[in-house]
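Visitor: Just so it is clear, I am handing over work-v2.tsv, which has TSV, C-alpha atoms.
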```tsv
chain	number	residue	atom	x	y	z
Q	1500	MET	CA	115.62	94.38	95.32
Q	1501	THR	CA	112.11	95.76	94.83
Q	1502	PRO	CA	111.73	98.98	96.88
Q	1503	VAL	CA	110.17	98.40	100.29
Q	1504	PRO	CA	108.00	101.35	101.37
Q	1505	LEU	CA	107.79	102.27	105.03
Q	1506	PHE	CA	104.03	102.64	104.54
Q	1507	ASP	CA	101.58	101.63	101.82
Q	1508	CYS	CA	98.59	103.94	101.40
Q	1509	ARG	CA	96.98	102.25	98.42
Q	1510	LEU	CA	93.25	101.58	98.61
Q	1511	PRO	CA	92.02	98.17	97.48
Q	1512	ASP	CA	89.40	97.91	94.74
Q	1513	SER	CA	86.82	96.89	97.36
Q	1514	ALA	CA	87.26	100.24	99.12
Q	1515	LEU	CA	87.10	102.19	95.87
Q	1516	ALA	CA	83.87	100.42	94.95
Q	1517	THR	CA	82.15	101.72	98.11
Q	1518	LEU	CA	82.60	105.30	96.87
Q	1519	ALA	CA	80.03	104.92	94.11
Q	1520	ASP	CA	77.04	105.76	96.33
Q	1521	PRO	CA	78.39	108.95	97.98
Q	1522	PHE	CA	79.31	110.41	94.60
Q	1523	ARG	CA	76.20	109.20	92.82
Q	1524	LEU	CA	73.90	110.51	95.57
Q	1525	GLY	CA	75.82	113.72	96.17
Q	1526	GLN	CA	76.44	112.79	99.82
Q	1527	LEU	CA	79.94	114.22	99.85
Q	1528	ALA	CA	80.05	116.31	103.03
Q	1529	ALA	CA	77.24	114.95	105.23
Q	1530	GLY	CA	75.96	111.43	104.95
Q	1531	PRO	CA	75.26	108.15	106.75
Q	1532	ALA	CA	78.82	106.80	106.71
Q	1533	VAL	CA	79.94	109.27	109.39
Q	1534	GLY	CA	77.57	107.85	112.01
Q	1535	GLN	CA	78.19	104.30	110.83
Q	1536	LEU	CA	81.93	104.76	111.24
Q	1537	GLU	CA	81.51	106.13	114.76
Q	1538	GLN	CA	79.29	103.20	115.68
Q	1539	ALA	CA	81.72	100.67	114.22
Q	1540	ILE	CA	84.64	102.09	116.20
Q	1541	ALA	CA	82.66	102.47	119.43
Q	1542	ALA	CA	81.61	98.82	119.15
Q	1543	ARG	CA	85.24	97.82	119.75
Q	1544	TYR	CA	85.38	99.83	122.97
Q	1545	PRO	CA	82.50	98.90	125.32
Q	1546	GLY	CA	81.15	101.90	127.17
Q	1547	ARG	CA	83.12	104.39	125.06
Q	1548	HIS	CA	81.79	106.92	122.60
Q	1549	ALA	CA	83.50	107.71	119.28
Q	1550	VAL	CA	83.36	111.10	117.57
Q	1551	SER	CA	84.96	111.60	114.15
Q	1552	VAL	CA	86.75	114.79	113.14
Q	1553	GLY	CA	88.70	116.05	110.14
Q	1554	ASP	CA	92.21	115.12	111.29
Q	1555	MET	CA	94.10	113.76	114.28
Q	1556	THR	CA	95.42	117.16	115.40
Q	1557	HIS	CA	91.88	118.48	115.74
Q	1558	ALA	CA	91.00	115.24	117.55
Q	1559	LEU	CA	93.68	115.96	120.14
Q	1560	VAL	CA	92.72	119.64	120.38
Q	1561	MET	CA	89.17	118.47	121.02
Q	1562	ALA	CA	90.27	115.99	123.70
Q	1563	LEU	CA	92.31	118.69	125.45
Q	1564	ARG	CA	89.36	121.08	125.39
Q	1565	LEU	CA	87.00	118.43	126.74
Q	1566	ALA	CA	89.54	117.62	129.45
Q	1567	GLY	CA	89.40	121.24	130.64
Q	1568	VAL	CA	92.77	122.41	129.32
Q	1569	ARG	CA	92.79	126.15	128.80
Q	1570	ARG	CA	95.23	128.90	127.85
Q	1571	GLY	CA	98.11	129.11	130.29
Q	1572	ASP	CA	97.79	125.53	131.54
Q	1573	GLU	CA	100.50	122.88	131.29
Q	1574	VAL	CA	100.21	119.46	129.65
Q	1575	LEU	CA	102.66	116.60	130.03
Q	1576	SER	CA	103.66	115.00	126.72
Q	1577	LEU	CA	106.50	113.10	125.08
Q	1578	ALA	CA	108.97	115.14	123.08
Q	1579	PHE	CA	109.53	111.97	121.04
Q	1580	ASN	CA	106.43	112.36	118.91
Q	1581	CYS	CA	105.16	113.97	115.75
Q	1582	MET	CA	104.24	117.63	115.38
Q	1583	SER	CA	100.75	116.52	114.39
Q	1584	SER	CA	100.29	115.56	118.06
Q	1585	ASN	CA	102.20	118.11	120.10
Q	1586	SER	CA	101.08	121.08	118.00
Q	1587	ALA	CA	97.60	120.45	119.40
Q	1588	ILE	CA	98.81	121.46	122.85
Q	1589	ALA	CA	100.04	124.79	121.51
Q	1590	MET	CA	96.79	125.23	119.57
Q	1591	ALA	CA	94.92	124.80	122.86
Q	1592	GLY	CA	96.96	127.67	124.30
Q	1593	ALA	CA	98.77	125.42	126.79
Q	1594	THR	CA	102.47	124.90	127.46
Q	1595	VAL	CA	104.13	121.51	127.10
Q	1596	ALA	CA	106.07	119.97	129.95
Q	1597	TRP	CA	108.27	117.46	128.14
Q	1598	VAL	CA	108.54	113.93	129.48
Q	1599	ASP	CA	111.25	111.43	128.63
Q	1600	VAL	CA	110.97	107.86	127.33
Q	1601	ASP	CA	112.55	104.62	128.44
Q	1602	PRO	CA	114.78	103.94	125.42
Q	1603	ALA	CA	114.50	100.17	125.86
Q	1604	THR	CA	110.71	100.20	125.44
Q	1605	ALA	CA	110.03	103.65	123.92
Q	1606	THR	CA	107.41	104.20	126.61
Q	1607	PHE	CA	106.46	107.12	128.86
Q	1608	ASP	CA	108.85	107.67	131.79
Q	1609	ILE	CA	106.39	107.55	134.69
Q	1610	ASP	CA	108.90	108.55	137.37
Q	1611	GLN	CA	110.04	111.63	135.48
Q	1612	ALA	CA	106.43	112.55	134.73
Q	1613	ARG	CA	105.69	112.64	138.45
Q	1614	GLY	CA	108.45	115.22	138.91
Q	1615	ARG	CA	107.07	117.35	136.05
Q	1616	ILE	CA	103.62	117.81	137.63
Q	1617	THR	CA	102.95	121.30	138.98
Q	1618	ALA	CA	99.92	123.30	140.07
Q	1619	ARG	CA	99.50	124.35	136.42
Q	1620	THR	CA	99.41	120.78	135.10
Q	1621	LYS	CA	95.94	120.01	133.76
Q	1622	ALA	CA	96.37	116.84	131.66
Q	1623	VAL	CA	98.73	114.05	130.62
Q	1624	VAL	CA	98.99	113.04	126.96
Q	1625	ALA	CA	100.54	109.58	126.59
Q	1626	TYR	CA	101.75	108.61	123.13
Q	1627	HIS	CA	101.91	104.90	122.24
Q	1628	VAL	CA	105.08	105.19	120.15
Q	1629	SER	CA	104.66	103.53	116.73
Q	1630	GLY	CA	101.94	101.29	118.11
Q	1631	TYR	CA	103.94	100.04	121.15
Q	1632	PRO	CA	101.61	100.46	124.17
Q	1633	ALA	CA	102.62	102.64	127.08
Q	1634	ASP	CA	102.21	101.43	130.68
Q	1635	LEU	CA	98.57	102.37	130.99
Q	1636	ALA	CA	98.09	100.96	134.49
Q	1637	ALA	CA	100.92	103.12	135.83
Q	1638	LEU	CA	99.72	106.16	133.89
Q	1639	ARG	CA	96.18	105.71	135.17
Q	1640	ALA	CA	97.42	105.43	138.75
Q	1641	LEU	CA	99.58	108.56	138.35
Q	1642	CYS	CA	96.72	110.60	136.90
Q	1643	ASP	CA	94.29	109.40	139.55
Q	1644	GLU	CA	96.76	110.31	142.29
Q	1645	TYR	CA	96.97	113.90	141.05
Q	1646	GLY	CA	93.41	114.25	139.75
Q	1647	LEU	CA	94.53	114.68	136.14
Q	1648	PRO	CA	92.74	113.53	132.99
Q	1649	LEU	CA	94.65	110.99	130.91
Q	1650	ILE	CA	94.55	111.37	127.13
Q	1651	GLU	CA	95.87	108.43	125.12
Q	1652	ASP	CA	97.58	109.52	121.92
Q	1653	ALA	CA	96.94	106.27	120.04
Q	1654	ASN	CA	97.27	107.91	116.65
Q	1655	ASN	CA	99.08	104.92	115.12
Q	1656	ALA	CA	98.09	102.29	117.69
Q	1657	PHE	CA	94.55	101.26	116.71
Q	1658	GLY	CA	94.19	97.63	117.84
Q	1659	ALA	CA	97.18	97.59	120.20
Q	1660	ALA	CA	96.56	96.19	123.66
Q	1661	ILE	CA	98.14	95.86	127.09
Q	1662	ASP	CA	97.06	93.82	130.10
Q	1663	GLY	CA	94.07	92.55	128.15
Q	1664	HIS	CA	92.76	96.03	127.28
Q	1665	GLU	CA	92.90	97.65	123.87
Q	1666	VAL	CA	94.63	101.01	124.03
Q	1667	GLY	CA	91.98	103.71	124.27
Q	1668	MET	CA	90.06	101.96	127.05
Q	1669	VAL	CA	92.04	103.34	130.00
Q	1670	GLY	CA	92.32	107.05	129.33
Q	1671	ASP	CA	89.54	109.56	129.93
Q	1672	PHE	CA	89.98	110.31	126.22
Q	1673	ALA	CA	91.87	108.67	123.39
Q	1674	ILE	CA	92.56	109.77	119.86
Q	1675	PHE	CA	93.16	107.72	116.72
Q	1676	SER	CA	94.41	108.93	113.37
Q	1677	LEU	CA	92.65	108.01	110.13
Q	1678	TYR	CA	95.53	109.31	108.02
Q	1679	ALA	CA	96.36	107.29	104.92
Q	1680	ASN	CA	99.24	105.37	106.48
Q	1681	ARG	CA	97.44	104.37	109.69
Q	1682	GLN	CA	95.64	101.12	110.51
Q	1683	ILE	CA	92.38	102.69	109.34
Q	1684	ASN	CA	92.85	104.65	106.13
Q	1685	ALA	CA	90.40	107.47	105.47
Q	1686	ILE	CA	92.98	109.53	103.54
Q	1687	ASP	CA	92.81	111.80	106.58
Q	1688	GLY	CA	90.69	112.13	109.68
Q	1689	GLY	CA	90.66	111.48	113.39
Q	1690	ILE	CA	88.63	109.90	116.16
Q	1691	VAL	CA	88.05	111.18	119.68
Q	1692	LEU	CA	87.13	108.33	122.01
Q	1693	CYS	CA	85.29	109.56	125.12
Q	1694	ALA	CA	84.56	107.77	128.37
Q	1695	HIS	CA	81.38	109.80	128.94
Q	1696	ALA	CA	78.42	110.39	126.63
Q	1697	GLU	CA	78.14	114.06	127.59
Q	1698	ASP	CA	81.71	114.67	126.40
Q	1699	ALA	CA	80.92	113.00	123.09
Q	1700	ASP	CA	77.82	115.15	122.71
Q	1701	GLN	CA	79.87	118.27	123.36
Q	1702	ALA	CA	82.51	117.12	120.86
Q	1703	ARG	CA	79.85	116.70	118.16
Q	1704	ARG	CA	78.74	120.28	118.74
Q	1705	LEU	CA	82.26	121.70	118.87
Q	1706	ARG	CA	83.30	120.04	115.61
Q	1707	ARG	CA	80.58	122.07	113.88
Q	1708	PHE	CA	81.12	125.58	115.31
Q	1709	GLY	CA	79.33	124.66	118.56
Q	1710	ILE	CA	76.04	124.04	116.76
Q	1711	ASP	CA	73.61	121.38	117.94
Q	1712	THR	CA	72.90	120.22	114.39
Q	1713	ALA	CA	69.87	118.14	115.42
Q	1714	ARG	CA	68.08	121.30	116.62
Q	1715	PHE	CA	69.74	124.05	114.59
Q	1716	ARG	CA	67.00	124.40	111.96
Q	1717	ASP	CA	63.30	124.94	112.41
Q	1718	GLY	CA	60.35	123.29	110.68
Q	1719	ASP	CA	60.93	125.36	107.55
Q	1720	GLY	CA	64.54	124.23	107.31
Q	1721	GLU	CA	65.82	127.64	108.34
Q	1722	ILE	CA	68.18	128.53	111.17
Q	1723	ASP	CA	66.17	128.55	114.39
Q	1724	PRO	CA	66.62	131.97	116.09
Q	1725	ALA	CA	65.50	130.47	119.40
Q	1726	LEU	CA	68.49	128.12	119.58
Q	1727	ASP	CA	71.59	129.54	121.25
Q	1728	VAL	CA	75.20	128.54	120.55
Q	1729	PRO	CA	76.71	128.92	124.05
Q	1730	GLU	CA	80.18	127.60	123.24
Q	1731	ILE	CA	81.87	128.37	119.93
Q	1732	GLY	CA	83.62	125.51	118.20
Q	1733	THR	CA	85.37	125.09	114.89
Q	1734	SER	CA	84.92	123.41	111.51
Q	1735	SER	CA	86.45	119.97	111.94
Q	1736	SER	CA	83.86	117.46	110.81
Q	1737	LEU	CA	84.80	114.31	108.91
Q	1738	ASP	CA	83.08	114.18	105.54
Q	1739	ASN	CA	80.97	111.30	104.26
Q	1740	VAL	CA	83.42	110.36	101.49
Q	1741	ARG	CA	86.34	109.78	103.84
Q	1742	ALA	CA	84.09	108.06	106.37
Q	1743	THR	CA	83.01	105.66	103.61
Q	1744	ILE	CA	86.66	104.82	102.87
Q	1745	ALA	CA	87.33	104.31	106.59
Q	1746	LEU	CA	84.39	101.91	106.91
Q	1747	ALA	CA	85.87	99.78	104.15
Q	1748	SER	CA	89.23	99.86	105.90
Q	1749	ILE	CA	87.75	98.66	109.20
Q	1750	ALA	CA	86.34	95.56	107.53
Q	1751	ASP	CA	89.73	93.81	107.41
Q	1752	VAL	CA	91.73	95.81	109.96
Q	1753	ASP	CA	92.25	92.89	112.34
Q	1754	ALA	CA	93.64	90.68	109.60
Q	1755	ARG	CA	96.03	93.44	108.51
Q	1756	ILE	CA	97.16	94.07	112.09
Q	1757	ALA	CA	97.79	90.34	112.54
Q	1758	ARG	CA	99.96	90.34	109.41
Q	1759	SER	CA	102.01	93.28	110.72
Q	1760	ARG	CA	102.57	91.46	114.00
Q	1761	ARG	CA	103.69	88.30	112.22
Q	1762	ASN	CA	106.03	90.32	110.03
Q	1763	ALA	CA	107.59	92.06	113.03
Q	1764	ALA	CA	108.02	88.72	114.80
Q	1765	SER	CA	109.66	87.23	111.71
Q	1766	LEU	CA	112.09	90.13	111.42
Q	1767	ALA	CA	112.96	89.88	115.11
Q	1768	GLY	CA	113.59	86.15	114.81
Q	1769	VAL	CA	115.74	86.25	111.71
Q	1770	THR	CA	117.86	89.19	112.89
Q	1771	ARG	CA	118.33	88.13	116.53
Q	1772	ASP	CA	122.08	87.51	116.11
Q	1773	LEU	CA	122.79	90.84	114.44
Q	1774	PRO	CA	124.36	93.82	116.24
Q	1775	LEU	CA	121.04	95.58	116.69
Q	1776	THR	CA	118.64	95.93	119.60
Q	1777	PRO	CA	114.89	95.69	118.99
Q	1778	ILE	CA	112.68	97.99	121.03
Q	1779	THR	CA	111.01	95.66	123.53
Q	1780	ALA	CA	107.29	95.78	124.24
Q	1781	LEU	CA	106.26	95.99	127.88
Q	1782	PRO	CA	105.17	92.76	129.59
Q	1783	GLY	CA	101.56	92.04	128.67
Q	1784	ALA	CA	101.67	94.44	125.71
Q	1785	GLU	CA	100.59	93.57	122.17
Q	1786	PRO	CA	101.94	96.21	119.78
Q	1787	VAL	CA	100.38	96.72	116.37
Q	1788	HIS	CA	103.79	97.56	114.88
Q	1789	TRP	CA	103.08	100.62	112.78
Q	1790	THR	CA	106.76	100.06	112.20
Q	1791	TRP	CA	109.29	97.64	113.69
Q	1792	LEU	CA	111.63	99.62	115.95
Q	1793	ILE	CA	115.29	98.83	116.46
Q	1794	ARG	CA	118.35	100.58	117.88
Q	1795	LEU	CA	121.83	100.57	116.35
Q	1796	ALA	CA	125.02	102.28	117.45
Q	1797	ASP	CA	125.80	103.21	113.82
Q	1798	ARG	CA	122.18	103.96	112.94
Q	1799	ASP	CA	122.78	106.70	110.39
Q	1800	ALA	CA	125.27	104.69	108.34
Q	1801	VAL	CA	123.00	101.63	108.33
Q	1802	MET	CA	119.98	103.78	107.45
Q	1803	ARG	CA	121.72	105.28	104.45
Q	1804	ARG	CA	122.86	101.87	103.20
Q	1805	LEU	CA	119.35	100.45	103.57
Q	1806	LYS	CA	117.80	103.39	101.74
Q	1807	ALA	CA	120.34	102.99	98.96
Q	1808	ARG	CA	119.08	99.42	98.56
Q	1809	GLY	CA	115.44	100.51	98.43
Q	1810	VAL	CA	114.41	99.92	102.07
Q	1811	LEU	CA	112.58	103.11	103.08
Q	1812	CYS	CA	113.40	103.00	106.77
Q	1813	SER	CA	113.24	106.15	108.88
Q	1814	LYS	CA	114.28	107.87	112.10
Q	1815	LEU	CA	110.50	108.34	112.41
Q	1816	HIS	CA	110.42	111.36	114.75
Q	1817	TYR	CA	112.53	114.40	115.47
Q	1818	PRO	CA	112.10	115.21	119.18
Q	1819	ASN	CA	109.83	118.22	119.45
Q	1820	HIS	CA	111.62	119.79	122.40
Q	1821	HIS	CA	114.14	121.12	119.87
Q	1822	TYR	CA	111.47	123.48	118.45
Q	1823	THR	CA	111.48	126.90	120.11
Q	1824	GLY	CA	107.91	127.59	119.03
Q	1825	PHE	CA	106.59	125.50	121.92
Q	1826	HIS	CA	108.09	127.99	124.42
Q	1827	ALA	CA	108.54	125.07	126.81
Q	1828	PRO	CA	111.07	125.06	129.64
Q	1829	PRO	CA	114.30	123.12	128.97
Q	1830	SER	CA	114.14	119.46	129.90
Q	1831	ASP	CA	116.70	116.74	130.52
Q	1832	LEU	CA	115.61	113.91	128.22
Q	1833	PRO	CA	118.41	111.32	127.99
Q	1834	GLY	CA	116.14	108.51	126.82
Q	1835	THR	CA	114.70	110.69	124.10
Q	1836	MET	CA	118.18	111.62	122.92
Q	1837	THR	CA	119.16	107.94	122.83
Q	1838	LEU	CA	116.24	107.23	120.50
Q	1839	GLN	CA	117.04	110.32	118.43
Q	1840	ASN	CA	120.57	109.01	117.87
Q	1841	GLU	CA	119.99	105.26	117.66
Q	1842	MET	CA	116.42	104.32	116.74
Q	1843	LEU	CA	115.40	103.17	113.28
Q	1844	ALA	CA	111.89	102.34	112.08
Q	1845	ILE	CA	111.78	99.37	109.70
Q	1846	PRO	CA	108.79	98.59	107.44
Q	1847	CYS	CA	106.83	95.53	108.57
Q	1848	GLY	CA	103.28	96.29	107.40
Q	1849	TRP	CA	100.55	94.04	106.11
Q	1850	TRP	CA	101.41	94.78	102.48
Q	1851	LEU	CA	104.63	92.73	102.85
Q	1852	ASP	CA	104.19	88.99	102.30
Q	1853	GLU	CA	106.46	86.26	103.65
Q	1854	ALA	CA	108.77	86.39	100.63
Q	1855	ALA	CA	109.14	90.17	100.96
Q	1856	ILE	CA	109.90	89.88	104.68
Q	1857	ALA	CA	112.52	87.21	104.01
Q	1858	THR	CA	114.18	89.42	101.43
Q	1859	LEU	CA	113.99	92.42	103.75
Q	1860	ALA	CA	115.57	90.45	106.62
Q	1861	ALA	CA	118.41	89.30	104.35
Q	1862	THR	CA	118.99	92.88	103.22
Q	1863	ILE	CA	119.08	94.10	106.81
Q	1864	ALA	CA	121.58	91.36	107.71
Q	1865	GLU	CA	123.86	92.22	104.80
Q	1866	THR	CA	123.62	95.93	105.46
Q	1867	VAL	CA	124.20	95.79	109.21
Q	1868	ARG	CA	127.27	93.57	108.73
Q	1869	ALA	CA	128.67	95.69	105.89
Q	1870	ASP	CA	131.74	97.83	106.50
Q	1871	PRO	CA	130.98	101.56	106.67
```
Using structure tokens, write down the structure that the file contains.

Guide:
Amino acid sequence: MTPVPLFDCRLPDSALATLADPFRLGQLAAGPAVGQLEQAIAARYPGRHAVSVGDMTHALVMALRLAGVRRGDEVLSLAFNCMSSNSAIAMAGATVAWVDVDPATATFDIDQARGRITARTKAVVAYHVSGYPADLAALRALCDEYGLPLIEDANNAFGAAIDGHEVGMVGDFAIFSLYANRQINAIDGGIVLCAHAEDADQARRLRRFGIDTARFRDGDGEIDPALDVPEIGTSSSLDNVRATIALASIADVDARIARSRRNAASLAGVTRDLPLTPITALPGAEPVHWTWLIRLADRDAVMRRLKARGVLCSKLHYPNHHYTGFHAPPSDLPGTMTLQNEMLAIPCGWWLDEAAIATLAATIAETVRADP
């Protein structure tokens, strides 16, 4: 069969055409697309403020800093996640307190999280695994009970929803990835979604060394010596070229998300009688299915057979609590270990049409039933 990629990062001709102006006008670093992108994303989230940065890790570092996390603090986070997320906690100087997942739903274990909270805990980072929404109502209640900011790690969950709210609308902060294989493709980049305008203003300063760019230069265009920089930031701005690509990607994002959902539903329907267990979305949740997640007792054997037939499935994550560099205390994470041993991510993205999905489902059926 034709190889089935787990992700498809190709840009359509319509997106490539939008790059003519930035290159022709020389607006490569700064330019109007950055603000337009932030406005377009904020429009989806009433009352929220979007700030673009250079990548999702810096977006999460920014959210942690805005949330008041400092060196020596603790942050609750899933071990079942990507290093691009959890490394941000270490970059902020904090220590991770690992939290388990419910292996049936791949969502944040609220009860265990409660037991992980200490006097040093300063924030909760909740990852929506592969676009499957976490229980945001329970997470919000937990954080409110302990006075903790909630940061939604929605890096691959743009457009997902639960209980009638798009993910990103419940946390004090949320982050989205604009990496090439996400719902919005900017080649790379990130978004910090803030509940308060003052946090967004601070984020815009911090992404450019702490400079208030609107006031940094005087009437001669020179650096204004009267303007102080009271808090030093970093260089993490999104450039105009990538913002232009992202704007083109937003134009049809809902149609592409709808296709991914239909594809996941089709795969679930066709394979319902096979010896595999789909990860189940929480009641009221609408995943965006960055991938379709299943569990199999003989996962590794099935994975190798699928890959041999051109289906680029994946274990997706390697639990980060295995990495000693986090210097985190040992944690009992049985749900995480179940996913580590059994979970498989299957391609279901918008680039797969009905015929491709039918062929993929048939290949899965043949492979799962095959003798080892």

Visitor: Excluding same-chain residues fewer than 2 positions from Met1668 in chain Q, what lies within 9 Å of it counting all atoms listed in the file, as a PyMOL selection string?

Guide: chain Q and resi 1544-1547+1651+1664-1666+1670-1673+1692+1694

Visitor: Go ahead and fit an axis-aligned box to every listed atom of range 1512-1521 of chain Q plus 8 Å each side, and pass me the centre and edge lengths in Å, one decimal, as AutoDock Vina command-line options.

Guide:
```
--center_x 83.2 --center_y 102.9 --center_z 96.6 --size_x 28.4 --size_y 28.1 --size_z 21.0
```

Visitor: Give the answer as one residue: which of Q:Leu1805, Q:Cys1693, Q:Ile1863, Q:Ile1616 has the shortest atom-to-atom distance to Arg1771 in chain Q, using only C-alpha atoms?

Guide: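 Selected residue with least distance to Arg1771 in chain Q: Q:Ile1863.
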
Visitor: Please list as a PyMOL selection string every residue within 12 Å of Arg1868 in chain Q, counting all atoms listed in the file and excluding residues in the same chain fewer than 6 positions away.

Guide: chain Q and resi 1770+1772-1775+1795+1797+1800-1801+1804-1805+1861-1862

Visitor: Mind writing the picked residues with C-alpha atoms as a PDB file, in the frame of the given file?

Guide:
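Saved result, again24.pdb, follows:
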```pdb
ATOM      1  CA  THR Q1770     117.860  89.190 112.890  1.00  0.00           C
ATOM      2  CA  ASP Q1772     122.080  87.510 116.110  1.00  0.00           C
ATOM      3  CA  LEU Q1773     122.790  90.840 114.440  1.00  0.00           C
ATOM      4  CA  PRO Q1774     124.360  93.820 116.240  1.00  0.00           C
ATOM      5  CA  LEU Q1775     121.040  95.580 116.690  1.00  0.00           C
ATOM      6  CA  LEU Q1795     121.830 100.570 116.350  1.00  0.00           C
ATOM      7  CA  ASP Q1797     125.800 103.210 113.820  1.00  0.00           C
ATOM      8  CA  ALA Q1800     125.270 104.690 108.340  1.00  0.00           C
ATOM      9  CA  VAL Q1801     123.000 101.630 108.330  1.00  0.00           C
ATOM     10  CA  ARG Q1804     122.860 101.870 103.200  1.00  0.00           C
ATOM     11  CA  LEU Q1805     119.350 100.450 103.570  1.00  0.00           C
ATOM     12  CA  ALA Q1861     118.410  89.300 104.350  1.00  0.00           C
ATOM     13  CA  THR Q1862     118.990  92.880 103.220  1.00  0.00           C
TER      14      THR Q1862
END
```

Visitor: Would you please work out which residue, of Q:Ser1551, Q:Asn1684, Q:Ser1813, Q:Asn1819, is nearest to Leu1737 in chain Q when using all atoms listed in the file?

Guide: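 Of Q:Ser1551, Q:Asn1684, Q:Ser1813, Q:Asn1819, the one nearest Leu1737 in chain Q, counting all atoms listed in the file, is Q:Ser1551.
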
Visitor: Show which residues sit within 9 Å of Ile1778 in chain Q, as a list in words. Count only C-alpha atoms, and ignore same-chain residues fewer than 5 positions away.

Guide: Pro1602, Ala1603, Thr1604, Ala1605, Tyr1631, Trp1791, Leu1792, Ile1793, Arg1794 and Met1842 of chain Q

Visitor: Write out as a list in words the residues lying within 10 Å of Asp1601 in chain Q, counting all atoms listed in the file and excluding same-chain residues fewer than 2 positions away.

Guide: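 Close residues of Asp1601 in chain Q: Asp1599, Ala1603, Thr1604, Ala1605, Thr1606, Phe1607, Asp1608, Ile1609, Ile1778, Leu1832, Pro1833, Gly1834, Thr1835, Thr1837 and Leu1838 of chain Q.
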
Visitor: Please indicate the distance in Å from CA of Leu1843 in chain Q to CA of Arg1681 in chain Q, rounded to one decimal place.

Guide: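 Answer for the CA of Leu1843 in chain Q to CA of Arg1681 in chain Q separation: 18.4 Å.
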
Visitor: Determine the nearest neighbour of Trp1849 in chain Q from the options Q:Ala1757, Q:Ser1735, Q:Arg1639, Q:Ile1588, counting only C-alpha atoms.

Guide: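 Residue with the minimum atom-to-atom distance to Trp1849 in chain Q: Q:Ala1757.
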
Visitor: One decimal, Å: what's the distance from CA of Arg1523 in chain Q over to CA of Arg1704 in chain Q, could you say?

Guide: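 That distance, rounded to one decimal, is 28.3 Å.
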
Visitor: Find, counting only C-alpha atoms, the residue in Q:Lys1814, Q:Ile1749, Q:Leu1641, Q:Gln1701 that gets nearest to Ala1542 in chain Q.

Guide: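 Of Q:Lys1814, Q:Ile1749, Q:Leu1641, Q:Gln1701, the one nearest Ala1542 in chain Q, counting only C-alpha atoms, is Q:Ile1749.
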
Visitor: What is the distance between CA of Ala1660 in chain Q and CA of Glu1697 in chain Q, in Å to one decimal?

Guide: 26.0 Å
